[in-house]
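Structure file protein_6.cif (mmCIF, C-alpha atoms (C1' of nucleotides)) is printed below.
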```
data_coords
#
loop_
_atom_site.label_atom_id
_atom_site.label_comp_id
_atom_site.auth_asym_id
_atom_site.auth_seq_id
_atom_site.Cartn_x
_atom_site.Cartn_y
_atom_site.Cartn_z
CA MET I 1 152.44 123.86 7.23
CA GLU I 2 149.30 123.18 5.17
CA ASP I 3 147.26 119.96 5.48
CA SER I 4 148.82 117.44 3.25
CA PRO I 5 145.76 115.76 1.76
CA ASP I 6 147.27 112.35 2.48
CA MET I 7 148.28 112.81 6.06
CA LEU I 8 146.53 109.50 6.61
CA ALA I 9 147.29 107.45 3.57
CA ARG I 10 145.61 104.20 4.64
CA ARG I 11 141.96 103.40 4.57
CA ASN I 12 140.31 103.23 7.98
CA LEU I 13 140.40 99.49 8.67
CA PRO I 14 138.46 99.48 11.97
CA LEU I 15 135.74 101.56 10.32
CA LEU I 16 135.61 99.24 7.33
CA LEU I 17 135.12 96.26 9.64
CA LEU I 18 132.45 98.18 11.52
CA GLN I 19 130.63 99.02 8.29
CA ALA I 20 130.77 95.39 7.20
CA ARG I 21 129.37 94.22 10.52
CA GLU I 22 126.59 96.80 10.46
CA HIS I 23 125.50 95.95 6.94
CA VAL I 24 125.47 92.23 7.76
CA PHE I 25 123.75 92.67 11.08
CA ALA I 26 121.05 94.84 9.53
CA HIS I 27 119.61 91.61 8.11
CA PHE I 28 119.33 89.99 11.56
CA ARG I 29 118.24 92.98 13.62
CA PRO I 30 114.52 92.84 12.69
CA ILE I 31 114.30 89.22 13.83
CA LEU I 32 115.82 89.92 17.24
CA GLN I 33 113.86 93.12 17.59
CA ARG I 34 110.54 91.37 17.09
CA ALA I 35 111.64 88.82 19.71
CA GLY I 36 112.38 91.63 22.17
CA LEU I 37 116.10 90.85 22.28
CA THR I 38 119.06 93.16 21.90
CA ASP I 39 122.19 92.31 19.96
CA GLN I 40 124.19 91.53 23.10
CA GLN I 41 121.44 89.47 24.72
CA TRP I 42 121.22 87.23 21.68
CA ARG I 43 125.03 86.89 21.43
CA ILE I 44 125.07 85.54 24.98
CA ILE I 45 122.12 83.17 24.52
CA ARG I 46 123.57 81.84 21.31
CA LEU I 47 126.97 81.25 22.92
CA LEU I 48 125.53 79.40 25.93
CA LEU I 49 123.45 77.30 23.56
CA GLU I 50 126.66 76.02 21.99
CA THR I 51 128.89 75.72 25.03
CA GLY I 52 126.64 75.10 28.03
CA PRO I 53 126.98 77.11 31.27
CA LEU I 54 129.84 79.58 31.42
CA GLU I 55 131.18 82.19 33.81
CA PRO I 56 130.74 85.91 33.09
CA ARG I 57 134.43 86.37 32.33
CA GLN I 58 134.31 83.71 29.63
CA ILE I 59 131.11 85.10 28.17
CA GLY I 60 132.53 88.60 28.03
CA GLU I 61 135.72 87.51 26.35
CA HIS I 62 133.98 85.54 23.63
CA CYS I 63 131.13 87.99 23.02
CA ARG I 64 133.41 91.04 23.33
CA ILE I 65 131.34 92.54 26.12
CA SER I 66 133.23 94.25 28.92
CA SER I 67 132.66 93.21 32.49
CA PRO I 68 130.72 96.34 33.49
CA SER I 69 128.42 96.08 30.47
CA LEU I 70 127.94 92.41 31.12
CA ALA I 71 126.74 93.02 34.68
CA GLY I 72 123.78 95.02 33.37
CA VAL I 73 123.00 92.72 30.46
CA LEU I 74 122.98 89.64 32.69
CA THR I 75 120.78 91.38 35.26
CA ARG I 76 118.20 92.16 32.59
CA LEU I 77 118.40 88.68 31.07
CA GLU I 78 117.84 87.25 34.55
CA GLN I 79 114.80 89.48 35.09
CA MET I 80 113.39 88.22 31.77
CA LYS I 81 113.97 84.68 33.08
CA LEU I 82 116.20 83.88 30.09
CA ILE I 83 119.28 83.01 32.19
CA ARG I 84 120.08 81.84 35.71
CA ARG I 85 123.05 82.88 37.84
CA THR I 86 124.36 80.44 40.48
CA ARG I 87 127.39 80.90 42.74
CA LEU I 88 130.11 78.25 42.63
CA ASN I 89 130.61 76.59 46.01
CA ARG I 90 134.28 75.94 45.45
CA ASP I 91 134.96 79.63 44.73
CA LEU I 92 132.45 82.06 46.10
CA ARG I 93 133.67 84.90 43.91
CA ARG I 94 132.69 83.09 40.77
CA VAL I 95 129.29 82.67 39.11
CA SER I 96 127.89 80.22 36.59
CA VAL I 97 125.47 81.50 33.97
CA SER I 98 123.10 79.02 32.35
CA LEU I 99 120.11 79.12 30.05
CA THR I 100 116.52 78.48 31.13
CA PRO I 101 113.84 76.39 29.37
CA ARG I 102 112.32 79.67 28.31
CA SER I 103 115.42 80.90 26.47
CA ARG I 104 115.92 77.51 24.85
CA ALA I 105 112.37 77.62 23.56
CA LEU I 106 112.90 81.17 22.30
CA ALA I 107 116.10 80.16 20.53
CA GLY I 108 114.24 77.25 18.96
CA ARG I 109 111.69 79.60 17.45
CA LEU I 110 114.35 82.05 16.24
CA ALA I 111 116.80 79.54 14.78
CA PRO I 112 114.98 78.91 11.47
CA ARG I 113 114.63 82.63 10.75
CA ILE I 114 118.32 83.22 11.56
CA GLU I 115 119.23 80.29 9.34
CA ALA I 116 117.17 81.73 6.49
CA VAL I 117 119.10 85.01 6.65
CA TYR I 118 122.40 83.15 6.50
CA CYS I 119 121.17 81.32 3.42
CA ASP I 120 120.24 84.61 1.80
CA ILE I 121 123.62 86.15 2.59
CA GLU I 122 125.44 83.08 1.32
CA ARG I 123 123.43 83.25 -1.87
CA ARG I 124 124.34 86.90 -2.37
CA ILE I 125 128.07 86.53 -1.87
CA GLY I 126 128.54 82.96 -3.04
CA PRO I 127 129.26 79.90 -0.84
CA ASP I 128 132.95 79.73 -1.75
CA PHE I 129 133.47 83.42 -1.03
CA CYS I 130 131.69 82.87 2.25
CA ALA I 131 133.87 79.97 3.38
CA ARG I 132 137.05 81.81 2.35
CA PHE I 133 135.90 84.91 4.22
CA TYR I 134 135.48 83.01 7.50
CA ARG I 135 139.01 81.67 7.18
CA THR I 136 140.34 85.12 6.34
CA LEU I 137 138.75 86.62 9.44
CA ASP I 138 140.19 83.85 11.60
CA GLN I 139 143.63 84.51 10.17
CA LEU I 140 143.35 88.26 10.73
CA ILE I 141 142.27 87.83 14.34
CA ARG I 142 145.10 85.40 15.05
CA ALA I 143 147.64 87.70 13.43
CA VAL I 144 146.81 90.93 15.21
CA ARG I 145 145.91 89.44 18.59
CA MET C 1 112.30 68.03 22.54
CA GLU C 2 115.99 68.17 23.51
CA ASP C 3 118.33 70.88 22.20
CA SER C 4 119.70 69.73 18.96
CA PRO C 5 123.33 70.80 19.32
CA ASP C 6 123.28 72.27 15.84
CA MET C 7 120.12 74.33 16.00
CA LEU C 8 122.31 77.12 14.68
CA ALA C 9 124.68 75.47 12.29
CA ARG C 10 126.46 78.60 11.02
CA ARG C 11 129.18 80.52 12.76
CA ASN C 12 128.11 83.91 14.07
CA LEU C 13 129.24 86.23 11.28
CA PRO C 14 128.34 89.57 12.88
CA LEU C 15 130.21 88.49 16.01
CA LEU C 16 133.22 87.40 13.99
CA LEU C 17 133.35 90.81 12.32
CA LEU C 18 133.00 92.47 15.71
CA GLN C 19 135.84 90.41 17.14
CA ALA C 20 138.04 91.28 14.16
CA ARG C 21 137.30 94.98 14.58
CA GLU C 22 137.97 94.88 18.30
CA HIS C 23 141.29 93.11 17.93
CA VAL C 24 142.41 95.54 15.24
CA PHE C 25 141.18 98.61 17.06
CA ALA C 26 142.94 97.55 20.26
CA HIS C 27 146.15 98.66 18.56
CA PHE C 28 144.82 102.18 17.91
CA ARG C 29 142.88 102.78 21.12
CA PRO C 30 145.88 103.76 23.29
CA ILE C 31 146.87 106.48 20.82
CA LEU C 32 143.43 108.08 20.77
CA GLN C 33 143.04 107.66 24.50
CA ARG C 34 146.24 109.57 25.23
CA ALA C 35 144.97 112.31 22.90
CA GLY C 36 141.69 112.48 24.85
CA LEU C 37 139.62 111.33 21.87
CA THR C 38 136.98 108.62 21.68
CA ASP C 39 136.62 106.22 18.79
CA GLN C 40 133.66 108.10 17.30
CA GLN C 41 135.27 111.52 17.69
CA TRP C 42 138.35 110.39 15.79
CA ARG C 43 136.24 108.71 13.08
CA ILE C 44 134.52 112.03 12.43
CA ILE C 45 137.70 114.12 12.47
CA ARG C 46 139.42 111.68 10.15
CA LEU C 47 136.51 111.73 7.71
CA LEU C 48 136.29 115.53 7.57
CA LEU C 49 140.03 115.66 7.04
CA GLU C 50 139.58 113.69 3.83
CA THR C 51 136.34 115.17 2.52
CA GLY C 52 136.11 118.71 3.86
CA PRO C 53 132.94 120.06 5.52
CA LEU C 54 129.94 117.72 5.58
CA GLU C 55 126.42 117.70 6.98
CA PRO C 56 125.57 115.54 10.03
CA ARG C 57 123.51 113.15 7.93
CA GLN C 58 126.47 112.43 5.67
CA ILE C 59 128.85 112.03 8.59
CA GLY C 60 126.51 109.62 10.32
CA GLU C 61 126.04 107.48 7.27
CA HIS C 62 129.74 107.13 6.57
CA CYS C 63 130.88 106.74 10.19
CA ARG C 64 127.92 104.49 11.09
CA ILE C 65 126.78 106.80 13.87
CA SER C 66 123.04 107.28 14.30
CA SER C 67 121.55 110.73 14.29
CA PRO C 68 120.79 110.83 18.03
CA SER C 69 124.30 109.66 18.95
CA LEU C 70 125.78 112.13 16.53
CA ALA C 71 124.01 115.06 18.17
CA GLY C 72 125.84 114.37 21.43
CA VAL C 73 129.20 113.63 19.84
CA LEU C 74 129.11 116.82 17.76
CA THR C 75 128.10 118.89 20.79
CA ARG C 76 131.10 117.61 22.74
CA LEU C 77 133.46 118.06 19.78
CA GLU C 78 132.22 121.64 19.47
CA GLN C 79 132.82 122.29 23.16
CA MET C 80 136.37 120.98 22.71
CA LYS C 81 136.72 123.44 19.80
CA LEU C 82 137.58 120.58 17.43
CA ILE C 83 134.69 121.27 15.05
CA ARG C 84 132.41 124.16 14.05
CA ARG C 85 128.70 123.97 13.17
CA THR C 86 127.26 126.58 10.81
CA ARG C 87 123.69 126.78 9.46
CA LEU C 88 123.20 126.82 5.70
CA ASN C 89 121.44 129.98 4.52
CA ARG C 90 119.72 128.27 1.60
CA ASP C 91 118.14 125.63 3.88
CA LEU C 92 117.79 126.54 7.52
CA ARG C 93 117.22 122.95 8.60
CA ARG C 94 120.65 121.92 7.47
CA VAL C 95 124.03 122.32 9.15
CA SER C 96 127.61 122.21 7.91
CA VAL C 97 130.25 120.65 10.14
CA SER C 98 133.88 121.65 9.59
CA LEU C 99 137.20 121.14 11.30
CA THR C 100 139.06 123.84 13.24
CA PRO C 101 142.78 124.67 13.18
CA ARG C 102 142.99 122.94 16.52
CA SER C 103 141.67 119.60 15.26
CA ARG C 104 143.89 119.80 12.17
CA ALA C 105 146.91 120.32 14.39
CA LEU C 106 145.82 117.41 16.59
CA ALA C 107 145.39 115.16 13.56
CA GLY C 108 148.83 116.19 12.36
CA ARG C 109 150.37 115.02 15.62
CA LEU C 110 148.43 111.75 15.62
CA ALA C 111 148.92 110.79 11.98
CA PRO C 112 152.46 109.39 12.29
CA ARG C 113 151.50 107.20 15.24
CA ILE C 114 148.42 105.90 13.42
CA GLU C 115 150.53 105.23 10.36
CA ALA C 116 153.03 103.28 12.45
CA VAL C 117 150.28 100.99 13.72
CA TYR C 118 149.10 100.33 10.17
CA CYS C 119 152.66 99.41 9.21
CA ASP C 120 152.85 97.00 12.12
CA ILE C 121 149.54 95.39 11.21
CA GLU C 122 150.54 95.11 7.57
CA ARG C 123 153.79 93.49 8.62
CA ARG C 124 151.93 90.95 10.75
CA ILE C 125 149.42 89.88 8.12
CA GLY C 126 151.43 90.51 4.99
CA PRO C 127 150.90 93.35 2.46
CA ASP C 128 149.24 91.12 -0.13
CA PHE C 129 146.84 89.65 2.41
CA CYS C 130 146.08 93.19 3.52
CA ALA C 131 145.26 94.49 0.04
CA ARG C 132 143.09 91.45 -0.71
CA PHE C 133 141.30 91.87 2.59
CA TYR C 134 140.29 95.46 1.80
CA ARG C 135 138.82 94.33 -1.52
CA THR C 136 137.03 91.43 0.15
CA LEU C 137 135.39 93.75 2.66
CA ASP C 138 134.31 96.11 -0.11
CA GLN C 139 132.74 93.20 -1.99
CA LEU C 140 130.94 91.95 1.09
CA ILE C 141 129.50 95.35 1.89
CA ARG C 142 128.30 95.85 -1.67
CA ALA C 143 126.73 92.39 -1.75
CA VAL C 144 124.71 92.55 1.45
CA ARG C 145 123.75 96.24 1.28
"C1'" DA L 1 149.51 81.57 60.33
"C1'" DA L 2 149.90 86.26 58.66
"C1'" DA L 3 150.68 89.50 55.31
"C1'" DT L 4 150.50 90.47 50.52
"C1'" DA L 5 148.95 90.08 45.91
"C1'" DT L 6 145.72 88.63 42.58
"C1'" DT L 7 141.22 87.44 40.83
"C1'" DC L 8 136.37 88.04 40.34
"C1'" DA L 9 132.07 90.25 39.74
"C1'" DC L 10 130.30 94.36 40.49
"C1'" DT L 11 129.23 99.76 41.02
"C1'" DA L 12 129.87 104.70 39.56
"C1'" DA L 13 130.30 108.20 36.10
"C1'" DT L 14 130.33 109.58 31.62
"C1'" DA L 15 129.94 108.62 26.47
"C1'" DT L 16 127.56 106.39 22.92
"C1'" DA L 17 123.64 103.24 20.75
"C1'" DT L 18 118.91 102.45 19.85
"C1'" DT L 19 114.10 103.41 19.31
"C1'" DA L 20 110.52 106.59 19.18
"C1'" DG L 21 108.98 110.92 18.40
"C1'" DC L 22 109.17 116.16 17.67
"C1'" DA L 23 109.47 121.08 15.85
"C1'" DA L 24 111.13 123.62 12.15
"C1'" DT L 25 111.79 123.93 7.44
"C1'" DC L 26 111.25 122.93 2.78
"C1'" DT L 27 108.65 120.92 -1.38
"C1'" DA L 28 104.77 119.75 -4.18
"C1'" DG L 29 99.72 119.80 -5.29
"C1'" DG L 30 95.62 121.84 -5.21
"C1'" DC R 1 98.47 131.20 -1.36
"C1'" DC R 2 98.26 127.09 1.41
"C1'" DT R 3 98.05 122.78 3.01
"C1'" DA R 4 99.74 117.70 3.03
"C1'" DG R 5 103.83 115.34 2.87
"C1'" DA R 6 108.79 114.77 3.25
"C1'" DT R 7 113.24 116.04 5.19
"C1'" DT R 8 116.61 117.64 8.74
"C1'" DG R 9 118.51 117.81 13.06
"C1'" DC R 10 117.21 117.32 17.44
"C1'" DT R 11 115.33 115.55 22.39
"C1'" DA R 12 113.75 111.76 25.58
"C1'" DA R 13 114.19 107.26 27.55
"C1'" DT R 14 116.45 103.16 28.03
"C1'" DA R 15 120.44 99.88 26.98
"C1'" DT R 16 125.19 99.30 26.37
"C1'" DA R 17 130.43 100.86 26.21
"C1'" DT R 18 134.38 102.60 28.51
"C1'" DT R 19 137.37 103.78 32.30
"C1'" DA R 20 138.26 103.70 37.01
"C1'" DG R 21 137.73 101.76 41.24
"C1'" DT R 22 135.55 98.70 45.08
"C1'" DG R 23 134.78 94.66 48.36
"C1'" DA R 24 134.93 89.87 48.88
"C1'" DA R 25 137.29 85.74 48.12
"C1'" DT R 26 141.19 83.13 46.84
"C1'" DA R 27 146.17 82.38 45.95
"C1'" DT R 28 150.90 83.29 47.08
"C1'" DT R 29 154.55 84.47 49.81
"C1'" DT R 30 156.80 85.11 54.13
#
```
Could you show the structure in this file as structure tokens?
Amino acid sequence: MEDSPDMLARRNLPLLLLQAREHVFAHFRPILQRAGLTDQQWRIIRLLLETGPLEPRQIGEHCRISSPSLAGVLTRLEQMKLIRRTRLNRDLRRVSVSLTPRSRALAGRLAPRIEAVYCDIERRIGPDFCARFYRTLDQLIRAVR
Amino acid sequence: MEDSPDMLARRNLPLLLLQAREHVFAHFRPILQRAGLTDQQWRIIRLLLETGPLEPRQIGEHCRISSPSLAGVLTRLEQMKLIRRTRLNRDLRRVSVSLTPRSRALAGRLAPRIEAVYCDIERRIGPDFCARFYRTLDQLIRAVR
DNA sequence: AAATATTCACTAATATATTAGCAATCTAGG
DNA sequence: CCTAGATTGCTAATATATTAGTGAATATTT
């Protein structure tokens, strides 16, 4: 009844993905930190920048932030005047979240620095590797979802 | 001064990795949850199972858990009698963390269910895709580290 | 219309993440 | 010996994650 040393034969895939994310994100963190933004706050701003106003449910699903977490994050973003929350008249349960001029200006200042990091990463791993990797991740997500 | 719609031309790589991890981990979460374990707790147990006793610093680095988080996680694991902490005589600052019979038994019960999920995932994405993906992640981590 | 079920954003409680900082211990230089 | 510097694990404060559950509003059924 001893521990077989290969009780768990496979490598820890969720951990490997976490490690990859952490090592990549380490290059962006200083930029956001100097701007006074957390990871999640920037994820939301960046999403709204691409899509326009969204409802909390949609934001949470795309940014992988649970509804309870999102409540707090949106409250703080609203206090910083980086987002606005407005109730929908046609359905009073629902809320629309939109960016403010202030957050757009902030994103404008951050964008070039973010872009520079992507260039650096792409240079390290190679542009072809990079493009393939995006496709691979898309495939994985579709397959296990 | 309007928003150029491609201020941020690249896809959000850290988010994509997070999404991938979340979708993969969703398959394991129910197993750990029924066993009363959190993600981090299982990461630590699984690591020690492979390596034997380690110091908190080493655990944190491998499992991507910061020192302050680790302090709390280890305290709770100790209360559950799933790990033991012993001070090293040769250096009184340092601590050795080791598994208990109880956590080994728990891991033994969980291992087959974990394995089954890996088989399912491998079946969904294909064994060759899976093997390539592991190598790709290793390459990425090495390149950006 | 009335009763039921579902959806939505949110709160509560606990666990973990992040940043800063601390006391104790060890190491190296003077 | 002894003091400056580095290392280790930790605490404190705040932000976020997770699970469960709530009230209000809407949708569905009767």
Write out as an mmCIF file with C-alpha atoms, keeping the file's coordinate frame every residue belonging to chain I that has an atom at most 10 Å from any atom of chain R, counting only C-alpha atoms (C1' of nucleotides).
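And here is the file that came out, result09.cif:
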```cif
data_model
loop_
_atom_site.group_PDB
_atom_site.id
_atom_site.type_symbol
_atom_site.label_atom_id
_atom_site.label_comp_id
_atom_site.auth_asym_id
_atom_site.auth_seq_id
_atom_site.Cartn_x
_atom_site.Cartn_y
_atom_site.Cartn_z
ATOM 1 C CA THR I 38 119.060 93.160 21.900
ATOM 2 C CA ASP I 39 122.190 92.310 19.960
ATOM 3 C CA GLN I 40 124.190 91.530 23.100
ATOM 4 C CA ILE I 65 131.340 92.540 26.120
ATOM 5 C CA SER I 66 133.230 94.250 28.920
ATOM 6 C CA PRO I 68 130.720 96.340 33.490
ATOM 7 C CA SER I 69 128.420 96.080 30.470
ATOM 8 C CA LEU I 70 127.940 92.410 31.120
ATOM 9 C CA GLY I 72 123.780 95.020 33.370
ATOM 10 C CA VAL I 73 123.000 92.720 30.460
ATOM 11 C CA ARG I 76 118.200 92.160 32.590
ATOM 12 C CA ASP I 91 134.960 79.630 44.730
ATOM 13 C CA LEU I 92 132.450 82.060 46.100
ATOM 14 C CA ARG I 93 133.670 84.900 43.910
ATOM 15 C CA ARG I 94 132.690 83.090 40.770
#
```
Please identify every residue of chain I that has at least one atom no farther than 7 Å from an atom of chain C, counting only C-alpha atoms, and for each give the shortest atom pair and the distance in Å to one decimal, arranged by chain then increasing number, as JSON lines.
```
{"residue": "I:Pro5", "atom": "CA", "partner": "C:Glu50", "partner_atom": "CA", "distance": 6.8}
{"residue": "I:Met7", "atom": "CA", "partner": "C:Ala111", "partner_atom": "CA", "distance": 6.3}
{"residue": "I:Leu8", "atom": "CA", "partner": "C:Ala111", "partner_atom": "CA", "distance": 6.0}
{"residue": "I:Pro14", "atom": "CA", "partner": "C:Arg21", "partner_atom": "CA", "distance": 5.3}
{"residue": "I:Leu17", "atom": "CA", "partner": "C:Arg21", "partner_atom": "CA", "distance": 5.5}
{"residue": "I:Leu18", "atom": "CA", "partner": "C:Arg21", "partner_atom": "CA", "distance": 6.6}
{"residue": "I:Gln19", "atom": "CA", "partner": "C:Arg64", "partner_atom": "CA", "distance": 6.7}
{"residue": "I:Ala20", "atom": "CA", "partner": "C:Ile141", "partner_atom": "CA", "distance": 5.5}
{"residue": "I:Arg21", "atom": "CA", "partner": "C:Pro14", "partner_atom": "CA", "distance": 5.3}
{"residue": "I:His23", "atom": "CA", "partner": "C:Arg145", "partner_atom": "CA", "distance": 5.9}
{"residue": "I:Val24", "atom": "CA", "partner": "C:Val144", "partner_atom": "CA", "distance": 6.4}
{"residue": "I:Phe25", "atom": "CA", "partner": "C:Pro14", "partner_atom": "CA", "distance": 5.8}
{"residue": "I:Glu50", "atom": "CA", "partner": "C:Pro5", "partner_atom": "CA", "distance": 6.7}
{"residue": "I:Arg64", "atom": "CA", "partner": "C:Gln19", "partner_atom": "CA", "distance": 6.7}
{"residue": "I:Ala111", "atom": "CA", "partner": "C:Leu8", "partner_atom": "CA", "distance": 6.0}
{"residue": "I:Glu115", "atom": "CA", "partner": "C:Leu8", "partner_atom": "CA", "distance": 6.9}
{"residue": "I:Ile121", "atom": "CA", "partner": "C:Val144", "partner_atom": "CA", "distance": 6.6}
{"residue": "I:Arg124", "atom": "CA", "partner": "C:Ala143", "partner_atom": "CA", "distance": 6.0}
{"residue": "I:Ile125", "atom": "CA", "partner": "C:Ala143", "partner_atom": "CA", "distance": 6.0}
{"residue": "I:Leu137", "atom": "CA", "partner": "C:Ala20", "partner_atom": "CA", "distance": 6.7}
{"residue": "I:Leu140", "atom": "CA", "partner": "C:Ile125", "partner_atom": "CA", "distance": 6.8}
{"residue": "I:Ile141", "atom": "CA", "partner": "C:Ala20", "partner_atom": "CA", "distance": 5.5}
{"residue": "I:Ala143", "atom": "CA", "partner": "C:Ile125", "partner_atom": "CA", "distance": 6.0}
{"residue": "I:Val144", "atom": "CA", "partner": "C:Val24", "partner_atom": "CA", "distance": 6.4}
{"residue": "I:Arg145", "atom": "CA", "partner": "C:His23", "partner_atom": "CA", "distance": 5.9}
```
I'd like the interatomic distance between CA of Leu82 in chain C and CA of Ile31 in chain C, to a tenth of an Å.
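The value is 17.2 Å.
Distance-wise, CA of Asn89 in chain C and CA of Ile44 in chain C end up 23.6 Å apart.
The result of the PyMOL selection byres ((chain L) within 10 of (chain C)) on the shown file is DA15, DT16, DA17, DT18, DA24, DT25 and DC26 of chain L.
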With the PyMOL selection byres ((chain I and resi 86-88) around 12) as the selection, what would be picked from this file? Answer as a PDB file with C-alpha atoms (C1' of nucleotides), keeping the file's coordinate frame, please.
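To be explicit, this is the file written out as expr_28.pdb:
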```pdb
ATOM      1  CA  PRO I  53     126.980  77.110  31.270  1.00  0.00           C
ATOM      2  CA  LEU I  54     129.840  79.580  31.420  1.00  0.00           C
ATOM      3  CA  GLU I  55     131.180  82.190  33.810  1.00  0.00           C
ATOM      4  CA  PRO I  56     130.740  85.910  33.090  1.00  0.00           C
ATOM      5  CA  GLU I  78     117.840  87.250  34.550  1.00  0.00           C
ATOM      6  CA  ILE I  83     119.280  83.010  32.190  1.00  0.00           C
ATOM      7  CA  ARG I  84     120.080  81.840  35.710  1.00  0.00           C
ATOM      8  CA  ARG I  85     123.050  82.880  37.840  1.00  0.00           C
ATOM      9  CA  ASN I  89     130.610  76.590  46.010  1.00  0.00           C
ATOM     10  CA  ARG I  90     134.280  75.940  45.450  1.00  0.00           C
ATOM     11  CA  ASP I  91     134.960  79.630  44.730  1.00  0.00           C
ATOM     12  CA  LEU I  92     132.450  82.060  46.100  1.00  0.00           C
ATOM     13  CA  ARG I  93     133.670  84.900  43.910  1.00  0.00           C
ATOM     14  CA  ARG I  94     132.690  83.090  40.770  1.00  0.00           C
ATOM     15  CA  VAL I  95     129.290  82.670  39.110  1.00  0.00           C
ATOM     16  CA  SER I  96     127.890  80.220  36.590  1.00  0.00           C
ATOM     17  CA  VAL I  97     125.470  81.500  33.970  1.00  0.00           C
ATOM     18  CA  SER I  98     123.100  79.020  32.350  1.00  0.00           C
ATOM     19  CA  LEU I  99     120.110  79.120  30.050  1.00  0.00           C
TER      20      LEU I  99
ATOM     21  C1'  DC L   8     136.370  88.040  40.340  1.00  0.00           C
ATOM     22  C1'  DA L   9     132.070  90.250  39.740  1.00  0.00           C
TER      23       DA L   9
ATOM     24  C1'  DA R  25     137.290  85.740  48.120  1.00  0.00           C
TER      25       DA R  25
END
```
In Å to one decimal, how far is C1' of DA20 in chain L from CA of Gln79 in chain I?
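Between CA of Gln79 in chain I and C1' of DA20 in chain L the gap is 23.8 Å.
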Take every atom of range 79-92 of chain C listed in the file, pad by 8 Å on each side, and give me the axis-aligned box centre and edge lengths in Å, one decimal, as JSON.
```
{"center_x": 127.7, "center_y": 125.3, "center_z": 12.4, "size_x": 35.8, "size_y": 25.4, "size_z": 37.6}
```
Write out N, CA and C atoms for range 11-24 of chain C, as a PDB file, in the coordinates of the input.
```
ATOM      1  N   ARG C  11     128.436  79.687  11.821  1.00  0.00           N
ATOM      2  CA  ARG C  11     129.180  80.520  12.760  1.00  0.00           C
ATOM      3  C   ARG C  11     128.545  81.907  12.768  1.00  0.00           C
ATOM      4  N   ASN C  12     128.716  82.590  13.878  1.00  0.00           N
ATOM      5  CA  ASN C  12     128.110  83.910  14.070  1.00  0.00           C
ATOM      6  C   ASN C  12     128.913  84.970  13.332  1.00  0.00           C
ATOM      7  N   LEU C  13     128.467  85.308  12.124  1.00  0.00           N
ATOM      8  CA  LEU C  13     129.240  86.230  11.280  1.00  0.00           C
ATOM      9  C   LEU C  13     129.330  87.641  11.841  1.00  0.00           C
ATOM     10  N   PRO C  14     128.211  88.227  12.298  1.00  0.00           N
ATOM     11  CA  PRO C  14     128.340  89.570  12.880  1.00  0.00           C
ATOM     12  C   PRO C  14     129.312  89.592  14.064  1.00  0.00           C
ATOM     13  N   LEU C  15     129.281  88.542  14.878  1.00  0.00           N
ATOM     14  CA  LEU C  15     130.210  88.490  16.010  1.00  0.00           C
ATOM     15  C   LEU C  15     131.645  88.371  15.542  1.00  0.00           C
ATOM     16  N   LEU C  16     131.867  87.580  14.512  1.00  0.00           N
ATOM     17  CA  LEU C  16     133.220  87.400  13.990  1.00  0.00           C
ATOM     18  C   LEU C  16     133.771  88.732  13.478  1.00  0.00           C
ATOM     19  N   LEU C  17     132.921  89.498  12.813  1.00  0.00           N
ATOM     20  CA  LEU C  17     133.350  90.810  12.320  1.00  0.00           C
ATOM     21  C   LEU C  17     133.614  91.754  13.496  1.00  0.00           C
ATOM     22  N   LEU C  18     132.787  91.644  14.524  1.00  0.00           N
ATOM     23  CA  LEU C  18     133.000  92.470  15.710  1.00  0.00           C
ATOM     24  C   LEU C  18     134.313  92.132  16.383  1.00  0.00           C
ATOM     25  N   GLN C  19     134.578  90.841  16.528  1.00  0.00           N
ATOM     26  CA  GLN C  19     135.840  90.410  17.140  1.00  0.00           C
ATOM     27  C   GLN C  19     137.029  90.919  16.338  1.00  0.00           C
ATOM     28  N   ALA C  20     136.948  90.807  15.020  1.00  0.00           N
ATOM     29  CA  ALA C  20     138.040  91.280  14.160  1.00  0.00           C
ATOM     30  C   ALA C  20     138.269  92.770  14.391  1.00  0.00           C
ATOM     31  N   ARG C  21     137.166  93.541  14.367  1.00  0.00           N
ATOM     32  CA  ARG C  21     137.300  94.980  14.580  1.00  0.00           C
ATOM     33  C   ARG C  21     137.925  95.301  15.924  1.00  0.00           C
ATOM     34  N   GLU C  22     137.476  94.611  16.952  1.00  0.00           N
ATOM     35  CA  GLU C  22     137.970  94.880  18.300  1.00  0.00           C
ATOM     36  C   GLU C  22     139.469  94.596  18.409  1.00  0.00           C
ATOM     37  N   HIS C  23     139.884  93.467  17.845  1.00  0.00           N
ATOM     38  CA  HIS C  23     141.290  93.110  17.930  1.00  0.00           C
ATOM     39  C   HIS C  23     142.153  94.093  17.147  1.00  0.00           C
ATOM     40  N   VAL C  24     141.660  94.549  16.007  1.00  0.00           N
ATOM     41  CA  VAL C  24     142.410  95.540  15.240  1.00  0.00           C
ATOM     42  C   VAL C  24     142.437  96.865  15.980  1.00  0.00           C
TER      43      VAL C  24
END
```
